[in-house]
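The file data.pdb comes next; it holds PDB, C-alpha atoms.
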ATOM      1  CA  MET H   1       0.000   0.000   0.000  1.00  0.00           C
ATOM      2  CA  LYS H   2       2.801   2.346   0.923  1.00  0.00           C
ATOM      3  CA  LYS H   3       4.575   1.509  -2.283  1.00  0.00           C
ATOM      4  CA  TYR H   4       1.372   2.224  -4.244  1.00  0.00           C
ATOM      5  CA  ASN H   5       0.948   5.619  -2.559  1.00  0.00           C
ATOM      6  CA  LYS H   6       4.567   6.430  -3.251  1.00  0.00           C
ATOM      7  CA  LEU H   7       4.164   5.600  -6.933  1.00  0.00           C
ATOM      8  CA  LYS H   8       0.955   7.648  -7.040  1.00  0.00           C
ATOM      9  CA  MET H   9       2.684  10.705  -5.532  1.00  0.00           C
ATOM     10  CA  TYR H  10       5.597  10.307  -7.937  1.00  0.00           C
ATOM     11  CA  SER H  11       3.178  10.070 -10.855  1.00  0.00           C
ATOM     12  CA  LYS H  12       1.421  13.286  -9.763  1.00  0.00           C
ATOM     13  CA  PHE H  13       4.742  15.061  -9.372  1.00  0.00           C
ATOM     14  CA  LEU H  14       5.870  13.873 -12.804  1.00  0.00           C
ATOM     15  CA  THR H  15       2.572  15.009 -14.370  1.00  0.00           C
ATOM     16  CA  ALA H  16       2.856  18.446 -12.742  1.00  0.00           C
ATOM     17  CA  LEU H  17       6.458  18.776 -13.916  1.00  0.00           C
ATOM     18  CA  ILE H  18       5.507  17.873 -17.492  1.00  0.00           C
ATOM     19  CA  ILE H  19       2.700  20.449 -17.446  1.00  0.00           C
ATOM     20  CA  ILE H  20       5.042  23.164 -16.130  1.00  0.00           C
ATOM     21  CA  LEU H  21       7.702  22.330 -18.721  1.00  0.00           C
ATOM     22  CA  THR H  22       5.092  22.276 -21.495  1.00  0.00           C
ATOM     23  CA  VAL H  23       3.746  25.701 -20.475  1.00  0.00           C
ATOM     24  CA  PHE H  24       7.284  27.061 -20.282  1.00  0.00           C
ATOM     25  CA  LEU H  25       8.081  25.645 -23.726  1.00  0.00           C
ATOM     26  CA  ILE H  26       4.910  27.163 -25.202  1.00  0.00           C
ATOM     27  CA  ILE H  27       5.809  30.563 -23.729  1.00  0.00           C
ATOM     28  CA  LEU H  28       9.365  30.262 -25.049  1.00  0.00           C
ATOM     29  CA  VAL H  29       8.226  29.310 -28.549  1.00  0.00           C
ATOM     30  CA  GLY H  30       5.584  32.035 -28.489  1.00  0.00           C
ATOM     31  CA  TYR H  31       8.160  34.651 -27.523  1.00  0.00           C
ATOM     32  CA  ALA H  32      10.513  33.459 -30.273  1.00  0.00           C
ATOM     33  CA  ILE H  33       7.736  33.688 -32.867  1.00  0.00           C
ATOM     34  CA  TYR H  34       6.741  37.152 -31.614  1.00  0.00           C
ATOM     35  CA  SER H  35      10.369  38.328 -31.777  1.00  0.00           C
ATOM     36  CA  LEU H  36      10.728  37.084 -35.343  1.00  0.00           C
ATOM     37  CA  TYR H  37       7.481  38.788 -36.335  1.00  0.00           C
ATOM     38  CA  ASP H  38       8.445  42.031 -34.586  1.00  0.00           C
ATOM     39  CA  ASN H  39      11.850  42.053 -36.288  1.00  0.00           C
ATOM     40  CA  TYR H  40      10.211  41.388 -39.646  1.00  0.00           C
ATOM     41  CA  THR H  41       7.680  44.221 -39.296  1.00  0.00           C
ATOM     42  CA  ALA H  42      10.376  46.600 -38.009  1.00  0.00           C
ATOM     43  CA  ASP H  43      12.657  45.835 -40.967  1.00  0.00           C
ATOM     44  CA  GLU H  44       9.705  46.191 -43.332  1.00  0.00           C
ATOM     45  CA  SER H  45       8.956  49.653 -41.903  1.00  0.00           C
ATOM     46  CA  ALA H  46      12.635  50.582 -42.251  1.00  0.00           C
ATOM     47  CA  GLU H  47      12.622  49.547 -45.916  1.00  0.00           C
ATOM     48  CA  GLU H  48       9.485  51.615 -46.567  1.00  0.00           C
ATOM     49  CA  LEU H  49      10.983  54.637 -44.854  1.00  0.00           C
ATOM     50  CA  MET H  50      14.223  54.469 -46.810  1.00  0.00           C
ATOM     51  CA  ALA H  51      12.405  54.004 -50.119  1.00  0.00           C
ATOM     52  CA  GLN H  52      10.197  56.978 -49.357  1.00  0.00           C
ATOM     53  CA  PHE H  53      13.172  59.050 -48.231  1.00  0.00           C
ATOM     54  CA  GLU H  54      15.042  58.346 -51.461  1.00  0.00           C
ATOM     55  CA  ASN H  55      11.986  59.212 -53.578  1.00  0.00           C
ATOM     56  CA  ASN H  56      11.251  62.387 -51.674  1.00  0.00           C
ATOM     57  CA  TYR H  57      13.814  64.744 -53.172  1.00  0.00           C
ATOM     58  CA  GLU H  58      12.787  67.832 -55.065  1.00  0.00           C
ATOM     59  CA  GLU H  59      14.896  70.425 -56.844  1.00  0.00           C
ATOM     60  CA  ILE H  60      14.721  73.708 -54.949  1.00  0.00           C
ATOM     61  CA  GLY H  61      16.004  77.212 -55.459  1.00  0.00           C
ATOM     62  CA  GLU H  62      17.660  79.520 -53.005  1.00  0.00           C
ATOM     63  CA  GLY H  63      15.248  80.722 -50.328  1.00  0.00           C
ATOM     64  CA  GLN H  64      12.524  78.184 -51.074  1.00  0.00           C
ATOM     65  CA  ILE H  65      12.588  76.603 -47.638  1.00  0.00           C
ATOM     66  CA  SER H  66      12.212  79.728 -45.576  1.00  0.00           C
ATOM     67  CA  GLU H  67       8.735  80.246 -44.114  1.00  0.00           C
ATOM     68  CA  GLU H  68       8.590  76.900 -42.379  1.00  0.00           C
ATOM     69  CA  ASN H  69      11.325  74.853 -40.794  1.00  0.00           C
ATOM     70  CA  PRO H  70      11.098  71.437 -42.513  1.00  0.00           C
ATOM     71  CA  SER H  71      12.786  69.767 -39.586  1.00  0.00           C
ATOM     72  CA  GLU H  72       9.587  70.420 -37.628  1.00  0.00           C
ATOM     73  CA  GLY H  73       7.675  68.827 -40.475  1.00  0.00           C
ATOM     74  CA  ALA H  74       4.975  66.556 -39.062  1.00  0.00           C
ATOM     75  CA  ASP H  75       1.368  67.622 -38.546  1.00  0.00           C
ATOM     76  CA  ASN H  76       0.048  67.670 -34.997  1.00  0.00           C
ATOM     77  CA  SER H  77      -1.747  64.423 -35.708  1.00  0.00           C
ATOM     78  CA  GLU H  78       1.617  62.796 -36.416  1.00  0.00           C
ATOM     79  CA  GLN H  79       3.403  64.147 -33.361  1.00  0.00           C
ATOM     80  CA  PRO H  80       4.121  61.558 -30.654  1.00  0.00           C
ATOM     81  CA  SER H  81       2.565  61.847 -27.222  1.00  0.00           C
ATOM     82  CA  GLN H  82       5.140  62.364 -24.509  1.00  0.00           C
ATOM     83  CA  GLY H  83       6.239  59.028 -23.124  1.00  0.00           C
ATOM     84  CA  ASN H  84       3.672  57.040 -25.067  1.00  0.00           C
ATOM     85  CA  ASN H  85       4.793  54.617 -27.761  1.00  0.00           C
ATOM     86  CA  ASN H  86       1.644  52.505 -27.907  1.00  0.00           C
ATOM     87  CA  ASN H  87       0.485  51.051 -31.221  1.00  0.00           C
ATOM     88  CA  SER H  88       3.998  51.400 -32.622  1.00  0.00           C
ATOM     89  CA  ASN H  89       3.566  48.455 -34.964  1.00  0.00           C
ATOM     90  CA  THR H  90       0.754  50.108 -36.908  1.00  0.00           C
ATOM     91  CA  SER H  91       2.380  53.434 -37.751  1.00  0.00           C
ATOM     92  CA  LYS H  92       3.294  54.096 -41.351  1.00  0.00           C
ATOM     93  CA  PRO H  93       5.769  56.577 -42.842  1.00  0.00           C
ATOM     94  CA  THR H  94       4.270  59.952 -43.677  1.00  0.00           C
ATOM     95  CA  THR H  95       5.492  63.022 -45.502  1.00  0.00           C
ATOM     96  CA  LYS H  96       4.910  66.736 -45.423  1.00  0.00           C
ATOM     97  CA  LYS H  97       6.017  69.190 -48.068  1.00  0.00           C
ATOM     98  CA  PRO H  98       7.695  72.391 -46.856  1.00  0.00           C
ATOM     99  CA  SER H  99       6.260  75.735 -47.913  1.00  0.00           C
ATOM    100  CA  THR H 100       8.058  77.205 -50.903  1.00  0.00           C
ATOM    101  CA  SER H 101       8.461  80.532 -52.659  1.00  0.00           C
ATOM    102  CA  SER H 102       9.815  81.532 -56.036  1.00  0.00           C
ATOM    103  CA  GLY H 103      13.511  81.090 -56.658  1.00  0.00           C
ATOM    104  CA  ASN H 104      16.051  79.804 -59.102  1.00  0.00           C
ATOM    105  CA  SER H 105      16.499  76.099 -59.540  1.00  0.00           C
ATOM    106  CA  GLY H 106      19.219  74.873 -57.192  1.00  0.00           C
ATOM    107  CA  SER H 107      20.052  71.953 -54.930  1.00  0.00           C
ATOM    108  CA  SER H 108      17.702  69.186 -53.868  1.00  0.00           C
ATOM    109  CA  TYR H 109      15.977  68.802 -50.517  1.00  0.00           C
ATOM    110  CA  ASN H 110      14.040  65.959 -48.975  1.00  0.00           C
ATOM    111  CA  LEU H 111      10.413  66.954 -48.535  1.00  0.00           C
ATOM    112  CA  GLY H 112      10.214  65.136 -45.222  1.00  0.00           C
ATOM    113  CA  THR H 113       9.772  61.493 -44.263  1.00  0.00           C
ATOM    114  CA  PHE H 114       8.245  60.781 -40.860  1.00  0.00           C
ATOM    115  CA  TYR H 115       7.559  57.784 -38.640  1.00  0.00           C
ATOM    116  CA  LYS H 116       5.276  58.449 -35.663  1.00  0.00           C
ATOM    117  CA  GLY H 117       6.051  62.134 -36.101  1.00  0.00           C
ATOM    118  CA  TYR H 118       9.830  61.597 -35.971  1.00  0.00           C
ATOM    119  CA  LYS H 119      11.821  62.761 -38.957  1.00  0.00           C
ATOM    120  CA  VAL H 120      14.206  60.699 -41.064  1.00  0.00           C
ATOM    121  CA  ILE H 121      17.282  62.850 -41.714  1.00  0.00           C
ATOM    122  CA  GLY H 122      19.425  60.325 -43.539  1.00  0.00           C
ATOM    123  CA  ILE H 123      20.357  56.738 -44.311  1.00  0.00           C
ATOM    124  CA  ILE H 124      23.281  54.696 -43.007  1.00  0.00           C
ATOM    125  CA  SER H 125      24.657  51.708 -44.891  1.00  0.00           C
ATOM    126  CA  ILE H 126      27.447  49.387 -43.721  1.00  0.00           C
ATOM    127  CA  PRO H 127      28.226  46.826 -46.464  1.00  0.00           C
ATOM    128  CA  LYS H 128      30.418  44.597 -44.264  1.00  0.00           C
ATOM    129  CA  LEU H 129      27.578  44.134 -41.768  1.00  0.00           C
ATOM    130  CA  LYS H 130      24.985  43.898 -44.570  1.00  0.00           C
ATOM    131  CA  ILE H 131      22.790  46.513 -42.913  1.00  0.00           C
ATOM    132  CA  GLN H 132      21.044  49.663 -44.072  1.00  0.00           C
ATOM    133  CA  TYR H 133      18.740  51.751 -41.878  1.00  0.00           C
ATOM    134  CA  PRO H 134      17.151  55.185 -41.674  1.00  0.00           C
ATOM    135  CA  ILE H 135      18.693  57.799 -39.390  1.00  0.00           C
ATOM    136  CA  PHE H 136      16.184  59.661 -37.208  1.00  0.00           C
ATOM    137  CA  ASN H 137      16.474  63.028 -35.510  1.00  0.00           C
ATOM    138  CA  VAL H 138      15.310  61.615 -32.156  1.00  0.00           C
ATOM    139  CA  ASP H 139      16.639  58.794 -29.991  1.00  0.00           C
ATOM    140  CA  ASN H 140      13.837  56.776 -28.351  1.00  0.00           C
ATOM    141  CA  THR H 141      12.150  53.367 -28.279  1.00  0.00           C
ATOM    142  CA  ALA H 142      10.038  54.015 -31.383  1.00  0.00           C
ATOM    143  CA  THR H 143      12.854  55.249 -33.628  1.00  0.00           C
ATOM    144  CA  LEU H 144      15.452  52.712 -32.481  1.00  0.00           C
ATOM    145  CA  ARG H 145      13.012  49.897 -33.200  1.00  0.00           C
ATOM    146  CA  VAL H 146      13.172  50.580 -36.951  1.00  0.00           C
ATOM    147  CA  GLY H 147      16.417  52.494 -37.381  1.00  0.00           C
ATOM    148  CA  THR H 148      19.227  54.506 -35.871  1.00  0.00           C
ATOM    149  CA  ALA H 149      19.298  57.976 -34.318  1.00  0.00           C
ATOM    150  CA  ALA H 150      21.629  60.957 -34.639  1.00  0.00           C
ATOM    151  CA  ILE H 151      22.168  62.076 -31.043  1.00  0.00           C
ATOM    152  CA  TYR H 152      24.866  64.730 -31.483  1.00  0.00           C
ATOM    153  CA  PRO H 153      25.178  67.631 -32.223  1.00  0.00           C
ATOM    154  CA  SER H 154      21.816  69.342 -31.649  1.00  0.00           C
ATOM    155  CA  ASN H 155      21.842  70.683 -35.230  1.00  0.00           C
ATOM    156  CA  VAL H 156      22.926  67.369 -36.740  1.00  0.00           C
ATOM    157  CA  GLU H 157      20.397  67.591 -39.600  1.00  0.00           C
ATOM    158  CA  GLU H 158      22.254  70.639 -40.908  1.00  0.00           C
ATOM    159  CA  THR H 159      25.780  69.340 -40.265  1.00  0.00           C
ATOM    160  CA  LEU H 160      25.586  65.637 -41.200  1.00  0.00           C
ATOM    161  CA  ASN H 161      28.011  65.003 -44.098  1.00  0.00           C
ATOM    162  CA  ILE H 162      28.979  68.680 -43.992  1.00  0.00           C
ATOM    163  CA  SER H 163      31.139  69.443 -40.963  1.00  0.00           C
ATOM    164  CA  GLY H 164      32.327  68.194 -37.587  1.00  0.00           C
ATOM    165  CA  ASN H 165      31.471  64.923 -35.896  1.00  0.00           C
ATOM    166  CA  ALA H 166      27.985  63.354 -35.879  1.00  0.00           C
ATOM    167  CA  VAL H 167      27.142  60.651 -33.341  1.00  0.00           C
ATOM    168  CA  ILE H 168      24.740  57.938 -34.536  1.00  0.00           C
ATOM    169  CA  ALA H 169      23.366  55.424 -32.035  1.00  0.00           C
ATOM    170  CA  GLY H 170      21.722  52.073 -32.679  1.00  0.00           C
ATOM    171  CA  HIS H 171      20.545  49.067 -30.677  1.00  0.00           C
ATOM    172  CA  ASN H 172      22.503  45.884 -30.108  1.00  0.00           C
ATOM    173  CA  TYR H 173      19.925  43.099 -30.506  1.00  0.00           C
ATOM    174  CA  ARG H 174      22.603  40.423 -30.064  1.00  0.00           C
ATOM    175  CA  ASN H 175      21.945  39.074 -33.535  1.00  0.00           C
ATOM    176  CA  SER H 176      22.690  40.517 -36.970  1.00  0.00           C
ATOM    177  CA  ARG H 177      20.262  43.472 -36.840  1.00  0.00           C
ATOM    178  CA  MET H 178      21.045  47.148 -36.319  1.00  0.00           C
ATOM    179  CA  PHE H 179      24.432  47.712 -34.620  1.00  0.00           C
ATOM    180  CA  SER H 180      24.701  44.224 -33.091  1.00  0.00           C
ATOM    181  CA  LYS H 181      27.911  43.453 -35.018  1.00  0.00           C
ATOM    182  CA  LEU H 182      29.439  46.925 -34.762  1.00  0.00           C
ATOM    183  CA  HIS H 183      32.348  45.540 -32.744  1.00  0.00           C
ATOM    184  CA  THR H 184      33.495  43.501 -35.771  1.00  0.00           C
ATOM    185  CA  LEU H 185      34.277  46.560 -37.904  1.00  0.00           C
ATOM    186  CA  GLN H 186      37.965  47.084 -38.641  1.00  0.00           C
ATOM    187  CA  ASN H 187      40.063  50.015 -39.770  1.00  0.00           C
ATOM    188  CA  GLY H 188      39.462  50.686 -43.445  1.00  0.00           C
ATOM    189  CA  ASP H 189      35.905  49.303 -43.512  1.00  0.00           C
ATOM    190  CA  SER H 190      33.399  51.515 -45.307  1.00  0.00           C
ATOM    191  CA  ILE H 191      30.305  53.246 -43.948  1.00  0.00           C
ATOM    192  CA  PHE H 192      28.011  55.207 -46.245  1.00  0.00           C
ATOM    193  CA  ILE H 193      25.857  58.099 -45.060  1.00  0.00           C
ATOM    194  CA  THR H 194      23.224  59.922 -47.129  1.00  0.00           C
ATOM    195  CA  ASN H 195      22.042  63.202 -45.616  1.00  0.00           C
ATOM    196  CA  ILE H 196      18.813  65.195 -45.948  1.00  0.00           C
ATOM    197  CA  ASN H 197      20.152  66.981 -49.035  1.00  0.00           C
ATOM    198  CA  GLY H 198      20.829  63.743 -50.872  1.00  0.00           C
ATOM    199  CA  VAL H 199      24.609  64.006 -50.413  1.00  0.00           C
ATOM    200  CA  LYS H 200      26.129  60.554 -49.975  1.00  0.00           C
ATOM    201  CA  LEU H 201      29.607  60.209 -48.461  1.00  0.00           C
ATOM    202  CA  GLU H 202      31.822  57.212 -47.858  1.00  0.00           C
ATOM    203  CA  TYR H 203      33.501  57.076 -44.451  1.00  0.00           C
ATOM    204  CA  LYS H 204      36.425  54.861 -43.529  1.00  0.00           C
ATOM    205  CA  VAL H 205      36.686  53.359 -40.046  1.00  0.00           C
ATOM    206  CA  TYR H 206      39.865  54.327 -38.203  1.00  0.00           C
ATOM    207  CA  ASN H 207      39.067  53.498 -34.579  1.00  0.00           C
ATOM    208  CA  ASN H 208      36.975  50.855 -32.781  1.00  0.00           C
ATOM    209  CA  TYR H 209      37.052  50.545 -29.013  1.00  0.00           C
ATOM    210  CA  THR H 210      35.003  49.952 -25.868  1.00  0.00           C
ATOM    211  CA  ALA H 211      34.059  52.927 -23.701  1.00  0.00           C
ATOM    212  CA  GLY H 212      32.311  53.405 -20.391  1.00  0.00           C
ATOM    213  CA  ALA H 213      28.538  53.702 -20.427  1.00  0.00           C
ATOM    214  CA  ASN H 214      28.748  57.391 -19.467  1.00  0.00           C
ATOM    215  CA  ASP H 215      31.731  58.325 -21.644  1.00  0.00           C
ATOM    216  CA  PHE H 216      30.750  60.957 -24.208  1.00  0.00           C
ATOM    217  CA  ASP H 217      34.092  62.643 -24.829  1.00  0.00           C
ATOM    218  CA  TYR H 218      34.297  61.063 -28.271  1.00  0.00           C
ATOM    219  CA  ALA H 219      31.344  63.191 -29.389  1.00  0.00           C
ATOM    220  CA  THR H 220      33.057  66.503 -28.751  1.00  0.00           C
ATOM    221  CA  ARG H 221      36.501  65.522 -30.018  1.00  0.00           C
ATOM    222  CA  ASP H 222      38.403  67.838 -32.341  1.00  0.00           C
ATOM    223  CA  THR H 223      38.070  66.441 -35.872  1.00  0.00           C
ATOM    224  CA  ARG H 224      40.724  68.895 -37.137  1.00  0.00           C
ATOM    225  CA  GLY H 225      38.497  70.048 -39.958  1.00  0.00           C
ATOM    226  CA  TYR H 226      37.580  66.555 -41.161  1.00  0.00           C
ATOM    227  CA  ILE H 227      33.983  65.383 -41.614  1.00  0.00           C
ATOM    228  CA  GLU H 228      33.515  62.439 -39.264  1.00  0.00           C
ATOM    229  CA  ILE H 229      30.947  60.170 -37.650  1.00  0.00           C
ATOM    230  CA  SER H 230      30.909  58.163 -34.439  1.00  0.00           C
ATOM    231  CA  LEU H 231      28.743  55.057 -34.150  1.00  0.00           C
ATOM    232  CA  SER H 232      27.636  53.916 -30.710  1.00  0.00           C
ATOM    233  CA  THR H 233      25.897  50.854 -29.286  1.00  0.00           C
ATOM    234  CA  CYS H 234      25.776  48.789 -26.093  1.00  0.00           C
ATOM    235  CA  THR H 235      28.070  45.812 -25.677  1.00  0.00           C
ATOM    236  CA  ASN H 236      26.419  42.421 -25.209  1.00  0.00           C
ATOM    237  CA  ASP H 237      26.276  42.727 -21.426  1.00  0.00           C
ATOM    238  CA  ALA H 238      25.113  46.383 -21.690  1.00  0.00           C
ATOM    239  CA  SER H 239      27.716  47.520 -19.140  1.00  0.00           C
ATOM    240  CA  THR H 240      29.874  49.357 -21.678  1.00  0.00           C
ATOM    241  CA  ARG H 241      29.567  50.723 -25.204  1.00  0.00           C
ATOM    242  CA  THR H 242      31.181  49.941 -28.553  1.00  0.00           C
ATOM    243  CA  ILE H 243      32.358  53.134 -30.244  1.00  0.00           C
ATOM    244  CA  VAL H 244      33.476  53.375 -33.877  1.00  0.00           C
ATOM    245  CA  TRP H 245      35.111  56.439 -35.431  1.00  0.00           C
ATOM    246  CA  ALA H 246      35.083  56.965 -39.190  1.00  0.00           C
ATOM    247  CA  ARG H 247      36.266  59.777 -41.471  1.00  0.00           C
ATOM    248  CA  ALA H 248      34.816  60.920 -44.798  1.00  0.00           C
ATOM    249  CA  GLU H 249      36.958  60.148 -47.818  1.00  0.00           C
TER     250      GLU H 249
END
Mind turning the file's structure into structure tokens?
Amino acid sequence: MKKYNKLKMYSKFLTALIIILTVFLIILVGYAIYSLYDNYTADESAEELMAQFENNYEEIGEGQISEENPSEGADNSEQPSQGNNNNSNTSKPTTKKPSTSSGNSGSSYNLGTFYKGYKVIGIISIPKLKIQYPIFNVDNTATLRVGTAAIYPSNVEETLNISGNAVIAGHNYRNSRMFSKLHTLQNGDSIFITNINGVKLEYKVYNNYTAGANDFDYATRDTRGYIEISLSTCTNDASTRTIVWARAE
């Protein structure tokens, strides 16, 4: 009888353990499927944004973009609520054309590509890592889900590919997306940046190192007149950051 009760208790324990493991496995598989779907939709949004950005150039004359600052471009309905990124998966890129006035035909300008009210100010492409993403003017959860963000200087839209050092941040998803493989870049590797005016420059990596989480001295470094960029992302354990310096050719 005792032996029977013992076997019965063991059977119950085994059944409970199998149920717990099954539930855990279902949750694990469900999370993996959700992550794959989320990555797919994020990359799809990034592709749409970049295509729209590249098709959004218009020839302008001197003084055409004067009455309205295009960097403020989105309508109120497109502006994000403070601290609220709900329904991020359903937002689509939008555009707004800046006001214009008469003028001679001149350079080109991007009419404005927006995601959740945040403006795309460029495109970054790193052939070695096989990645290409939009560059936003704001660094937050929504923008870093589908692209990268220019976080320095404050007027980076006007200076990107033109002067000084621009800092571009991206997530490390610990896979092959975004800046996850940034640490593998070596001196001489190419990075391509297209700015809001359609100017595309090739940069060559000349420094790759790990910095403290609060180190920001690299942003304000003296570029000695060169046009440069700094790429930044968390290391795998998130305790430090990978920093890459590159100089325009």
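Nearest to H:Tyr109 of all the residues H:Leu160, H:Ile196, H:Leu49, H:Leu14 is H:Ile196, based on all atoms listed in the file.
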Evaluate the PyMOL selection byres ((chain H and resi 237) around 12) and record the selected residues as a compact mmCIF listing (two decimals) with C-alpha atoms, in the frame of the given file, following the chain and residue labels used in the document.
# COMPACT_ATOMS: atom_id res chain seq x y z
CA ASN H 172 22.50 45.88 -30.11
CA TYR H 173 19.92 43.10 -30.51
CA ARG H 174 22.60 40.42 -30.06
CA SER H 180 24.70 44.22 -33.09
CA ALA H 213 28.54 53.70 -20.43
CA THR H 233 25.90 50.85 -29.29
CA CYS H 234 25.78 48.79 -26.09
CA THR H 235 28.07 45.81 -25.68
CA ASN H 236 26.42 42.42 -25.21
CA ALA H 238 25.11 46.38 -21.69
CA SER H 239 27.72 47.52 -19.14
CA THR H 240 29.87 49.36 -21.68
CA ARG H 241 29.57 50.72 -25.20
CA THR H 242 31.18 49.94 -28.55
For this session: Kindly resolve the PyMOL selection byres ((chain H and resi 125) around 12) on the present coordinates and return the residues as a VMD selection string.
Result: chain H and resid 50 122 to 124 126 to 135 147 to 148 178 to 179 189 to 195 200 to 203 231
For this session: Name every residue that the PyMOL selection byres ((chain H and resi 167) around 7) selects in this structure, writing the answer as a list in words with chains first and numbers rising.
Result: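 Answer for the PyMOL selection byres ((chain H and resi 167) around 7): Ala150, Ile151, Tyr152, Asn165, Ala166, Ile168, Ala169, Ala219, Ile229, Ser230 and Leu231 of chain H.
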Would you mind listing what lies within 10 Å of H:Tyr226 as a PDB file with C-alpha atoms, in the coordinates of the input, with only C-alpha atoms counted and same-chain residues fewer than 3 positions away left out?
ATOM      1  CA  ILE H 162      28.979  68.680 -43.992  1.00  0.00           C
ATOM      2  CA  SER H 163      31.139  69.443 -40.963  1.00  0.00           C
ATOM      3  CA  GLY H 164      32.327  68.194 -37.587  1.00  0.00           C
ATOM      4  CA  ASN H 165      31.471  64.923 -35.896  1.00  0.00           C
ATOM      5  CA  ASP H 222      38.403  67.838 -32.341  1.00  0.00           C
ATOM      6  CA  THR H 223      38.070  66.441 -35.872  1.00  0.00           C
ATOM      7  CA  ILE H 229      30.947  60.170 -37.650  1.00  0.00           C
ATOM      8  CA  ARG H 247      36.266  59.777 -41.471  1.00  0.00           C
ATOM      9  CA  ALA H 248      34.816  60.920 -44.798  1.00  0.00           C
ATOM     10  CA  GLU H 249      36.958  60.148 -47.818  1.00  0.00           C
TER      11      GLU H 249
END
Exercise. Hey, which of H:Phe24, H:Tyr37, H:Tyr206, H:Phe216 ends up closest to H:Val244? Count only C-alpha atoms.
Worked result: H:Tyr206
Quick one: axis-aligned box around all listed atoms of stretch 173-181 of chain H, 8 Å on every side, centre and edge lengths in Å to one decimal, written as lines of an AutoDock Vina configuration file.
center_x = 23.9
center_y = 43.4
center_z = -33.5
size_x = 24.0
size_y = 24.6
size_z = 22.9
